[in-house]
There are 4 protein chains.
Amino acid sequence: MEKENKKVLLAYSGGLDTSCILKWLLEKGYEVICFMADVGQDEDFQQARDKALKIGASDCVVKDVKFHFVENFVWPAIKMGLIYEKRYLMGTSLARPCITLALIETAKEHNCAYISHGATGKGNDQIRFELSAYALNPAIKVIAVWRLPEFCERFQGRNDLLEYAKENSIPVAATLKKPWSMDANIMHISYESGILEDPSQSAPDDLYTMTKNPQHAPNNPTRIDIVFNHGIPVRCTNLTTGNTYEIPTHILQYLNQIGGEHGIGRVDLVENRFVGLKSRGIYETPGCKILYEAHLDLEVYCLDREIFRVKSFLADKMAEYVYNGFWFSPEAEYVRKCLDESQRSVNGRVTIELFKGNVSIIGRESISSLYNQELVSMNVHGQLDYTAATGFIEINAIRLKEHYRAYGSTPNNNMHSLNRKFSRVKLN
Amino acid sequence: MEKENKKVLLAYSGGLDTSCILKWLLEKGYEVICFMADVGQDEDFQQARDKALKIGASDCVVKDVKFHFVENFVWPAIKMGLIYEKRYLMGTSLARPCITLALIETAKEHNCAYISHGATGKGNDQIRFELSAYALNPAIKVIAVWRLPEFCERFQGRNDLLEYAKENSIPVAATLKKPWSMDANIMHISYESGILEDPSQSAPDDLYTMTKNPQHAPNNPTRIDIVFNHGIPVRCTNLTTGNTYEIPTHILQYLNQIGGEHGIGRVDLVENRFVGLKSRGIYETPGCKILYEAHLDLEVYCLDREIFRVKSFLADKMAEYVYNGFWFSPEAEYVRKCLDESQRSVNGRVTIELFKGNVSIIGRESISSLYNQELVSMNVHGQLDYTAATGFIEINAIRLKEHYRAYGSTPNNNMHSLNRKFSRVKLN
Amino acid sequence: MEKENKKVLLAYSGGLDTSCILKWLLEKGYEVICFMADVGQDEDFQQARDKALKIGASDCVVKDVKFHFVENFVWPAIKMGLIYEKRYLMGTSLARPCITLALIETAKEHNCAYISHGATGKGNDQIRFELSAYALNPAIKVIAVWRLPEFCERFQGRNDLLEYAKENSIPVAATLKKPWSMDANIMHISYESGILEDPSQSAPDDLYTMTKNPQHAPNNPTRIDIVFNHGIPVRCTNLTTGNTYEIPTHILQYLNQIGGEHGIGRVDLVENRFVGLKSRGIYETPGCKILYEAHLDLEVYCLDREIFRVKSFLADKMAEYVYNGFWFSPEAEYVRKCLDESQRSVNGRVTIELFKGNVSIIGRESISSLYNQELVSMNVHGQLDYTAATGFIEINAIRLKEHYRAYGSTPNNNMHSLNRKFSRVKLN
Amino acid sequence: MEKENKKVLLAYSGGLDTSCILKWLLEKGYEVICFMADVGQDEDFQQARDKALKIGASDCVVKDVKFHFVENFVWPAIKMGLIYEKRYLMGTSLARPCITLALIETAKEHNCAYISHGATGKGNDQIRFELSAYALNPAIKVIAVWRLPEFCERFQGRNDLLEYAKENSIPVAATLKKPWSMDANIMHISYESGILEDPSQSAPDDLYTMTKNPQHAPNNPTRIDIVFNHGIPVRCTNLTTGNTYEIPTHILQYLNQIGGEHGIGRVDLVENRFVGLKSRGIYETPGCKILYEAHLDLEVYCLDREIFRVKSFLADKMAEYVYNGFWFSPEAEYVRKCLDESQRSVNGRVTIELFKGNVSIIGRESISSLYNQELVSMNVHGQLDYTAATGFIEINAIRLKEHYRAYGSTPNNNMHSLNRKFSRVKLN
């Protein structure tokens with residue numbers, strides 16, 4: 001009889017929660033390998049590994065997914081123009097499927113039947129992790145301890161964890177825990193919970209990590225050029241220094257640095273989680289805020305109007321998919337192909353000015369734009385028949401005239417009523 | 001036999017173009033009354049009236065539509081969250097139907113069978129004027145001189161107009177014409193054409209009128225509170241001075257002033273006109289930029305997630321209608337009712353910080369928000385069954401598992417292939 | 001100390017499953033009241049009540065919700081034009097929230113803290129029941145036995161239920177169970193599972209209950225008139241007999257009878273359940289098939305084109321909500337208001353011919369249609385400027401010309417290539 | 001100096017209108033070549049050619065585009081699932097760009113600077129012709145005589161044309177003109193205008209050409225199988241005779257024949273034209289009605305639910321584009337690629353029964369369907385965790401509970417009020 005595979009790959013952070021989870025899983029008789037993905041967060045991986053091994057992990061695998069994350073998650077998001085509820089650039093939503101991909105790969109390499117994580121039962125991340133995992137390996141089994149009655153009854157709060165750590169000689173960081181939680185990667189840092197749960201209270205200024213307070217940003221703007229090819233950023237140049245970046249991670253890191261310097265990409269919002277709760281989040285996304293704005297500018301410049309309309313609808317759908325954890329899904333694969341197709345002609349250069357929190361587009365150039373300066377110029381009758389609009393308007397007016405013929409020639413809306421008398425300005 | 005009504009109401013600006021048009025219409029045998037709407041632009045109406053009468057107009061009627069414009073066009077646009085192609089707040093698009101309403105009212109009062117305007121044949125404004133006019137009075141006749149062959153052949157450029165003015169003793173402003181055109185009202189100023197037609201060239205700094213260059217804006221931020229009722233701004237308070245504004249025009253004027261002071265609301269873009277051309281525009285919309293951001297924040301805070309989704313789709317449609325000149329149309333009336341209905345619970349207060357071009361939301365409060373701090377709190381298991389998400393994820397995963405069962409358990413996308421080997425970080 | 005409320009209101013059908021559930025709940029120490037809603041199904045309620053009381057129910061309440069169902073669920077669905085995945089008229093989806101409304105009312109009347117039902121764990125109905133229940137009473141507790149491990153382990157198949165019934169003297173119908181399950185109400189009958197689970201096998205002809213096989217339908221068509229007011233059917237007249245129906249249930253019952261006679265409203269399809277499974281269903285919806293087609297015809301006739309576009313999008317959303325169990329939800333309430341608003345002008349009369357499975361629209365009349373016979377007539381130049389379309393086409397062509405100017409004047413699609421040579425037909 | 005190119009290629013039908021137009025163009029000094037496309041209409045091309053040459057055409061070119069039309073316009077429309085305003089399968093809308101493609105090819109071959117047609121100024125066809133022409137050759141010049149003042153003033157009605165024909169010895173068909181106009185091709189026949197302009201009057205039975213009156217159709221149904229590959233019909237088999245068709249035109253012609261025999265594909269409707277008018281049309285589309293229904297059935301069977309949702313939205317957009325004349329446009333090319341991408345897994349066989357006007361789907365099979373009989377089966381707990389839906393429902397209920405917590409636990413809709421008392425059915 002085959003022995004049951006009780007090997008778990010645990011998404012490990014080195015912090016209190018996942019260290020206790022590691023110990024608890026061991027107690028429950030699992031063999032546990034820890035897994036950490038380097039997505040660009042500020043982390044001492046050696047120290048975390050040492051801790052994991054000390055607690056009893058069989059191994060602690062750290063994989064560097066930064067480049068993959070930028071190239072295959074962040075860049076596509078920029079290309080597709082993804083933004084959730086008009087403001088959130090989804091730095092965490094994008095990282096989860098990437099990390100899960102590495103996790104599932106590692107689980108396979110180490111023949112783990114289980115994966116485990118420390119995400120809570122009210123959040124989006126559990127869903128993003130698990131849906132990605134099931135899509136990548138429908139047979140994988142997930143241990144989500146914060147949804148297990150046994151675990152939750154034992155650990156009802158932070159104090160229970162601290163006590164358990166003490167009992168089990170799990171080292172606890174001496175530094176005081178910040179009164180919020182954060183998630184960092186090469187694209188962004190998010191902050192939530194704790195004191196941030198009151199949406200009327202503004203975030204403390206010492207919360208921000210990637211960006212300077214705009215009030216302390218330089219007094220002189222920086223101009224940069226960003227070049228896109230098929231909607232993907234391929235070159236970024238500081239117009240003062242001439243420094244140029246072409247490797248995806250380098251472009252993003254440079255824009256994070258210069259954007260952060262200028263205080264760009266902070267946002268404070270309440271968002272709608274997939275589980276149906278509203279939650280307050282603070283985000284810093286300096287580089288991608290710049291890229292998002294530059295890409296949008298170039299896109300409207302290059303794309304046919306009607307393609308832009310359809311494409312925008314699809315991008316809204318895609319943002320929902322990604323936010324909700326469906327990056328790996330039939331619908332996301334499908335819509336992504338459609339969005340990719342729309343970006344063929346999004347080629348060109350956008351000039352941007354960064355200054356104290358502002359990203360200002362000040363010019364753009366493209367060989368594949370449909371912009372026709374001669375045609376649009378007010379000084380040239382040119383190619384266009386100047387009388388054409390008469391017929392255009394007349395035909396467009398048919399429907400309106402018919403409607404108001406049928407329902408009264410004044411819109412049936414009090415406010416617009418012609419009964420209103422505008423006051424004549426008294427003049428001599 | 002009834003005498004033909006040859007009375008024309010001319011939308012008059014006092015400038016070279018409409019002065020020449022006035023004279024030309026008189027030459028053609030029309031009786032011409034001039035009409036000016038005070039939408040908040042910087043204009044010497046007395047001087048303009050004098051000029052019109054001197055040229056030969058029977059009358060020059062000036063009507064003050066500012067309050068009506070703010071209350072019935074600008075405020076609804078804020079309430080509906082209208083924005084065209086993600087960036088243009090439509091200060092001009094909204095003003096046209098308002099002006100046309102006053103124009104049609106005046107045409108009726110003065111028994112004019114015709115209206116006339118100086119908008120060109122390539123732009124959006126001719127369409128907005130005329131569609132509004134036909135909706136409000138299907139029988140009205142329009143003389144759009146820039147689409148008349150006779151007129152266009154006579155006046156092939158600015159020089160022809162200048163010469164005609166000279167011949168006919170029409171006074172021409174001594175000041176040099178700016179190398180661009182502008183359109184101003186209480187909501188915004190837009191700039192286009194002339195040197196702006198090259199989209200790669202940044203706008204000269206002396207172009208801006210309503211807003212300070214952020215570089216010259218105050219070094220200290222200003223905090224304000226804005227209160228919304230059913231999505232409409234009803235109060236605005238400067239948190240430092242305590243000054244409060246409650247009358248629509250006052251709120252807008254104050255926010256224009258303080259926003260302009262802080263360099264807020266500039267945007268430089270290329271947009272898609274209804275006639276199918278792309279054109280470059282520069283806009284300053286300080287007050288409404290603040291209101292747009294504040295409203296969006298409160299809306300996401302207050303509305304049910306799914307209502308917000310549907311509502312956003314409808315707002316995109318409405319923005320297209322308004323931009324294209326269909327403010328007075330069955331579809332705009334319909335969609336507006338739907339959008340109004342969505343705003344019942346958008347009630348509350350948003351706190352904003354203005355600083356050197358930035359509008360930062362830093363807090364919000366509402367009694368009608370669906371936000372539930374206790375429910376979302378990470379520290380409380382509380383009302384929610386902490387195991388529920390397991391089933392939620394399992395059910396959501398069915399479709400994914402079935403898809404990848406049928407088509408291979410690895411997404412059929414090269415980039416995501418599990419064949420990829422992430423590099424393991426070397427640690428001791 | 002307050003005694004725990006262990007009163008359950010069980011949605012009872014009188015069949016094997018819910019009779020066993022009733023008994024099992026009693027065994028578990030609950031007091032059980034049975035509830036049946038008369039939604040128009042063919043049922044001996046007296047017999048079912050006797051059985052429930054015999055098994056041990058404290059009471060068995062039967063409520064007649066037929067009128068309410070037609071007026072407040074079926075008629076709105078017709079008015080809104082709801083159809084799921086283009087073919088399913090949602091007779092079951094609409095009945096569930098209606099039944100739940102009566103259930104929750106009855107639970108309140110009888111002070112029951114629990115409700116229970118016999119819906120299975122893979123279907124839509126459990127979701128529709130429970131989401132409706134939670135919306136109507138967020139504090140209600142639900143016992144869904146087919147999702148309880150204890151119950152499911154005890155009853156692993158029909159034989160376990162039969163045995164349990166025998167042990168407990170629960171009467172079992174002598175008639176052989178059909179090899180499929182069905183759900184009937186005044187609007188429709190649905191059939192699924194059992195032999196129908198193979199989607200390649202056609203349904204046996206003896207399955208159908210409400211409709212004749214079109215092959216056995218009368219050889220002469222029947223013509224009827226249906227009158228709608230604000231999108232709601234208000235009168236139905238058989239044009240041969242002159243019989244007229246005006247009461248909602250009467251209209252529906254008459255159309256079911258005459259439609260059934262003519263073999264109308266059968267559909268065999270595979271649909272996408274909310275839980276992510278595909279399932280095969282067979283439906284008979286004679287009366288509502290007629291009403292759906294008549295309403296659609298009148299709607300396109302009466303509504304402005306652009307309102308129809310927006311309205312159709314909203315109806316697709318609403319159909320999803322209803323199918324998924326969100327009839328009572330913020331989004332459904334919102335979208336319903338929007339759809340109601342669209343139907344103001346959907347007033348008129350549609351003439352229909354019924355014949356061997358066909359619903360043919362053969363004429364329509366309305367005083368609020370925007371149809372203008374004189375304007376559209378090919379024989380009349382009339383009100384319309386016959387040259388206007390020239391400008392309309394020219395302006396619409398700008399965007400196309402610009403696109404093909406930029407990307408080649410031949411669409412970049414092999415199939416459309418001008419390189420293709422059409423063969424010239426040889427003639428003398 | 002180069003001589004002006006005054007060669008016109010006239011879209012010729014052989015009828016009264018285009019014969020007069022031919023003569024008139026010749027009078028105006030143009031050299032005219034006539035062009036006819038064989039799209040499958042019933043036409044004596046030799047006779048028409050003789051007539052054209054007799055009137056004075058330099059040539060009369062007839063091209064056979066049937067195969068191209070089916071393969072590159074009809075088949076894609078089936079694949080994409082195009083239907084306009086839920087009922088019109090667009091037989092004419094699809095033929096226009098195909099004919100125009102051949103027209104533009106021929107114009108190029110014969111070095112014609114102009115094309116001309118006889119479409120009227122109120123219809124869709126002028127737009128479809130001309131937008132297609134401009135897309136395919138932005139430099140082409142169009143003579144649309146029914147929009148030329150000179151032409152329209154001379155020919156104010158049919159009598160003027162008859163008189164002109166007589167004066168110019170243009171032969172006029174002896175047969176009486178039908179009191180409606182029709183447009184036929186291998187896909188459909190449409191009828192409009194004349195007596196059909198009254199939408200309350202049913203079409204006379206002798207109007208129909210492709211389809212039998214269902215009352216005279218065979219008393220026995222015919223079963224056929226249709227096989228699709230990537231959404232395209234590739235085989236059609238009569239299950240009684242075993243006859244099989246695989247060539248696109250053969251499949252369509254066979255389905256037209258057998259569908260017509262069974263009275264399938266008639267529709268009488270009022271539609272919204274692009275110019276803003278409503279018009280009444282009668283259509284016969286037997287073969288494509290069958291294909292549309294079969295394709296839809298297979299598509300829902302094969303596609304992931306969410307892909308089907310997005311795909312349906314795109315198909316609605318595409319139907320608008322095609323109806324409005326934008327087959328050759330950036331947006332149609334784009335959306336078509338998206339729709340094509342969605343059809344990869346639409347592979348399988350649909351079994352259909354044809355009977356007296358009905359198309360009944362009775363079964364379907366596919367190797368690429370996501371349907372999983374074992375998973376969905378009510379008899380098998382199987383792969384699925386039967387308790388999962390509990391959590392699924394709980395999480396979905398959060399949003400509802402929160403909403404009704406905030407706004408009252410009874411939906412704020414009178415009709416649904418719990419104050420309503422359902423009447424209890426009196427039983428013993």
# chains A, B, ... in the order shown; residues from 1 in each chain; ligands from 1
>>> select_by_dssp(residues="range 123-311 of chain A", states="strand (DSSP E or B)", output="VMD selection string")
chain A and resid 141 to 144 181 to 184 189 to 192 222 to 229 232 to 238 244 to 245 266 to 272 278 to 284
>>> write_last_selection(atoms="N, CA and C atoms", output="CSV table (one decimal), in the first residue's frame")
chain,number,residue,atom,x,y,z
A,141,LYS,N,-3.8,19.9,-3.2
A,141,LYS,CA,-4.7,20.1,-2.0
A,141,LYS,C,-4.2,21.3,-1.2
A,142,VAL,N,-5.1,22.1,-0.7
A,142,VAL,CA,-4.7,23.3,0.0
A,142,VAL,C,-5.1,23.3,1.5
A,143,ILE,N,-4.1,23.6,2.3
A,143,ILE,CA,-4.4,23.8,3.7
A,143,ILE,C,-4.4,25.3,4.1
A,144,ALA,N,-5.6,25.8,4.2
A,144,ALA,CA,-5.7,27.2,4.6
A,144,ALA,C,-6.1,27.3,6.1
A,181,SER,N,-1.0,46.2,8.3
A,181,SER,CA,-0.2,45.2,7.6
A,181,SER,C,0.2,45.7,6.2
A,182,MET,N,1.2,45.2,5.6
A,182,MET,CA,1.7,45.6,4.3
A,182,MET,C,2.1,44.5,3.4
A,183,ASP,N,2.0,44.7,2.1
A,183,ASP,CA,2.4,43.7,1.2
A,183,ASP,C,3.2,44.5,0.1
A,184,ALA,N,4.5,44.0,0.0
A,184,ALA,CA,5.4,44.7,-0.9
A,184,ALA,C,5.9,43.8,-2.0
A,189,ILE,N,3.7,48.8,-2.9
A,189,ILE,CA,3.4,48.4,-1.5
A,189,ILE,C,2.0,48.8,-1.2
A,190,SER,N,1.3,47.8,-0.6
A,190,SER,CA,-0.1,48.1,-0.1
A,190,SER,C,-0.1,48.1,1.4
A,191,TYR,N,-1.0,48.9,2.0
A,191,TYR,CA,-1.1,48.9,3.4
A,191,TYR,C,-2.6,48.8,3.8
A,192,GLU,N,-2.9,48.0,4.8
A,192,GLU,CA,-4.3,47.9,5.1
A,192,GLU,C,-4.4,47.4,6.6
A,222,THR,N,11.3,66.6,-13.2
A,222,THR,CA,12.2,65.7,-14.1
A,222,THR,C,11.4,65.3,-15.3
A,223,ARG,N,12.0,65.4,-16.5
A,223,ARG,CA,11.4,65.0,-17.7
A,223,ARG,C,11.9,63.7,-18.1
A,224,ILE,N,11.0,62.8,-18.5
A,224,ILE,CA,11.5,61.5,-19.0
A,224,ILE,C,10.7,61.2,-20.3
A,225,ASP,N,11.3,60.3,-21.1
A,225,ASP,CA,10.6,59.8,-22.2
A,225,ASP,C,10.4,58.3,-22.0
A,226,ILE,N,9.2,57.8,-22.4
A,226,ILE,CA,9.0,56.4,-22.4
A,226,ILE,C,8.6,55.9,-23.8
A,227,VAL,N,9.2,54.9,-24.2
A,227,VAL,CA,8.9,54.4,-25.6
A,227,VAL,C,8.2,53.0,-25.4
A,228,PHE,N,7.0,52.9,-26.1
A,228,PHE,CA,6.2,51.7,-26.1
A,228,PHE,C,6.3,51.0,-27.4
A,229,ASN,N,6.3,49.7,-27.4
A,229,ASN,CA,6.2,48.9,-28.6
A,229,ASN,C,5.1,47.9,-28.4
A,232,ILE,N,3.9,47.8,-24.9
A,232,ILE,CA,4.8,47.4,-23.9
A,232,ILE,C,5.9,48.4,-23.7
A,233,PRO,N,6.2,48.9,-22.5
A,233,PRO,CA,7.3,49.8,-22.4
A,233,PRO,C,8.7,49.2,-22.7
A,234,VAL,N,9.4,49.8,-23.6
A,234,VAL,CA,10.6,49.1,-24.0
A,234,VAL,C,11.9,50.0,-23.8
A,235,ARG,N,11.6,51.3,-23.5
A,235,ARG,CA,12.8,52.2,-23.2
A,235,ARG,C,12.3,53.4,-22.4
A,236,CYS,N,13.1,53.8,-21.5
A,236,CYS,CA,12.8,54.9,-20.6
A,236,CYS,C,14.1,55.7,-20.5
A,237,THR,N,13.9,57.0,-20.7
A,237,THR,CA,15.1,57.9,-20.8
A,237,THR,C,14.9,59.1,-19.9
A,238,ASN,N,15.8,59.4,-19.0
A,238,ASN,CA,15.8,60.7,-18.3
A,238,ASN,C,16.3,61.8,-19.2
A,244,THR,N,19.4,55.9,-19.8
A,244,THR,CA,18.3,55.1,-20.5
A,244,THR,C,18.3,53.7,-19.9
A,245,TYR,N,17.1,53.2,-19.9
A,245,TYR,CA,16.8,51.8,-19.3
A,245,TYR,C,16.0,51.0,-20.3
A,266,ARG,N,0.8,57.6,-4.9
A,266,ARG,CA,0.1,57.3,-3.7
A,266,ARG,C,-1.4,57.3,-3.9
A,267,VAL,N,-2.1,56.4,-3.3
A,267,VAL,CA,-3.6,56.4,-3.4
A,267,VAL,C,-4.2,55.8,-2.2
A,268,ASP,N,-5.2,56.5,-1.7
A,268,ASP,CA,-5.9,56.1,-0.5
A,268,ASP,C,-7.4,55.9,-0.9
A,269,LEU,N,-7.9,54.6,-0.7
A,269,LEU,CA,-9.2,54.4,-1.2
A,269,LEU,C,-9.9,53.3,-0.4
A,270,VAL,N,-11.2,53.2,-0.7
A,270,VAL,CA,-12.0,52.0,-0.2
A,270,VAL,C,-12.3,51.2,-1.4
A,271,GLU,N,-12.1,49.9,-1.4
A,271,GLU,CA,-12.4,49.1,-2.5
A,271,GLU,C,-13.4,47.9,-2.2
A,272,ASN,N,-13.9,47.3,-3.2
A,272,ASN,CA,-14.8,46.2,-3.1
A,272,ASN,C,-14.1,44.9,-3.3
A,278,LYS,N,-16.3,45.7,1.8
A,278,LYS,CA,-15.5,46.9,1.4
A,278,LYS,C,-14.3,46.9,2.3
A,279,SER,N,-13.2,47.3,1.7
A,279,SER,CA,-12.0,47.5,2.6
A,279,SER,C,-11.2,48.7,2.2
A,280,ARG,N,-10.5,49.3,3.2
A,280,ARG,CA,-9.7,50.4,2.9
A,280,ARG,C,-8.3,50.1,2.7
A,281,GLY,N,-7.7,50.6,1.6
A,281,GLY,CA,-6.4,50.3,1.3
A,281,GLY,C,-5.6,51.6,0.9
A,282,ILE,N,-4.3,51.6,1.2
A,282,ILE,CA,-3.4,52.6,0.8
A,282,ILE,C,-2.4,52.0,-0.1
A,283,TYR,N,-2.1,52.6,-1.2
A,283,TYR,CA,-1.1,52.0,-2.1
A,283,TYR,C,-0.1,53.0,-2.6
A,284,GLU,N,1.1,52.5,-2.8
A,284,GLU,CA,2.2,53.2,-3.4
A,284,GLU,C,2.6,52.5,-4.7
>>> residues_around(residues="range 75-83 of chain C", least_positions_apart="3", cutoff="9 Å", atoms="only C-alpha atoms", output="MDAnalysis selection string")
chainID C and resid 69:72 86:90 94 230:233 248 288 291:292 295:296 311:312 314:316 318:320 322 336 339:340 342:343
>>> interface_residues(of="chain D", to="chain C", cutoff="6 Å", atoms="only C-alpha atoms", output="NGL selection string")
:D and (62-64 or 121 or 131 or 135-136 or 138 or 147 or 199-202 or 270 or 278 or 301 or 329 or 362-365 or 371 or 386-387 or 397 or 400-401 or 409-410 or 423-425)
>>> closest_residue(among="A:Glu293, A:Glu31, A:Glu153, A:Asp160", to="Ser116 in chain A", atoms="only C-alpha atoms")
A:Glu31
>>> atom_distance(atom1="CA of Gly242 in chain A", atom2="CA of Gly287 in chain A")
18.1 Å
>>> closest_residue(among="C:Gly348, C:Pro286, C:Gly265, C:Pro218", to="Ile251 in chain C", atoms="only C-alpha atoms")
C:Pro286
>>> residues_around(residues="range 15-22 of chain B", least_positions_apart="3", cutoff="9 Å", atoms="only C-alpha atoms", output="MDAnalysis selection string")
chainID B and resid 10:12 25:27 32:34 48 51:52 55:57 116:118 145 151 158 161:162 164:165 168 170:173
>>> atom_distance(atom1="CA of Ala294 in chain A", atom2="CA of Tyr254 in chain A")
15.2 Å
>>> decode(residues="range 89-94 of chain A", atoms="all heavy atoms", output="mmCIF file, in the first residue's frame")
data_model
loop_
_atom_site.group_PDB
_atom_site.id
_atom_site.type_symbol
_atom_site.label_atom_id
_atom_site.label_comp_id
_atom_site.auth_asym_id
_atom_site.auth_seq_id
_atom_site.Cartn_x
_atom_site.Cartn_y
_atom_site.Cartn_z
ATOM 1 N N LEU A 89 -4.064 49.893 -9.088
ATOM 2 C CA LEU A 89 -3.277 49.299 -10.181
ATOM 3 C C LEU A 89 -2.948 47.822 -9.939
ATOM 4 O O LEU A 89 -2.298 47.186 -10.750
ATOM 5 C CB LEU A 89 -2.010 50.129 -10.420
ATOM 6 C CG LEU A 89 -2.299 51.514 -11.024
ATOM 7 C CD1 LEU A 89 -1.088 52.430 -10.899
ATOM 8 C CD2 LEU A 89 -2.720 51.398 -12.484
ATOM 9 N N MET A 90 -3.375 47.289 -8.831
ATOM 10 C CA MET A 90 -3.385 45.840 -8.591
ATOM 11 C C MET A 90 -2.019 45.185 -8.420
ATOM 12 O O MET A 90 -1.811 44.051 -8.852
ATOM 13 C CB MET A 90 -4.176 45.123 -9.700
ATOM 14 C CG MET A 90 -5.618 45.623 -9.765
ATOM 15 S SD MET A 90 -6.725 44.482 -10.616
ATOM 16 C CE MET A 90 -6.079 44.619 -12.263
ATOM 17 N N GLY A 91 -1.146 45.890 -7.745
ATOM 18 C CA GLY A 91 0.171 45.312 -7.466
ATOM 19 C C GLY A 91 0.111 43.981 -6.732
ATOM 20 O O GLY A 91 0.886 43.069 -7.024
ATOM 21 N N THR A 92 -0.803 43.840 -5.795
ATOM 22 C CA THR A 92 -0.922 42.564 -5.083
ATOM 23 C C THR A 92 -1.656 41.534 -5.931
ATOM 24 O O THR A 92 -1.236 40.368 -6.019
ATOM 25 C CB THR A 92 -1.663 42.781 -3.740
ATOM 26 O OG1 THR A 92 -0.901 43.686 -2.928
ATOM 27 C CG2 THR A 92 -1.834 41.474 -2.989
ATOM 28 N N SER A 93 -2.726 41.949 -6.574
ATOM 29 C CA SER A 93 -3.528 41.018 -7.390
ATOM 30 C C SER A 93 -2.677 40.359 -8.465
ATOM 31 O O SER A 93 -2.902 39.193 -8.822
ATOM 32 C CB SER A 93 -4.682 41.756 -8.077
ATOM 33 O OG SER A 93 -5.222 42.771 -7.276
ATOM 34 N N LEU A 94 -1.719 41.118 -8.989
ATOM 35 C CA LEU A 94 -0.867 40.585 -10.051
ATOM 36 C C LEU A 94 0.216 39.668 -9.505
ATOM 37 O O LEU A 94 0.628 38.708 -10.161
ATOM 38 C CB LEU A 94 -0.228 41.741 -10.835
ATOM 39 C CG LEU A 94 -1.194 42.529 -11.717
ATOM 40 C CD1 LEU A 94 -0.580 43.872 -12.083
ATOM 41 C CD2 LEU A 94 -1.554 41.745 -12.976
#
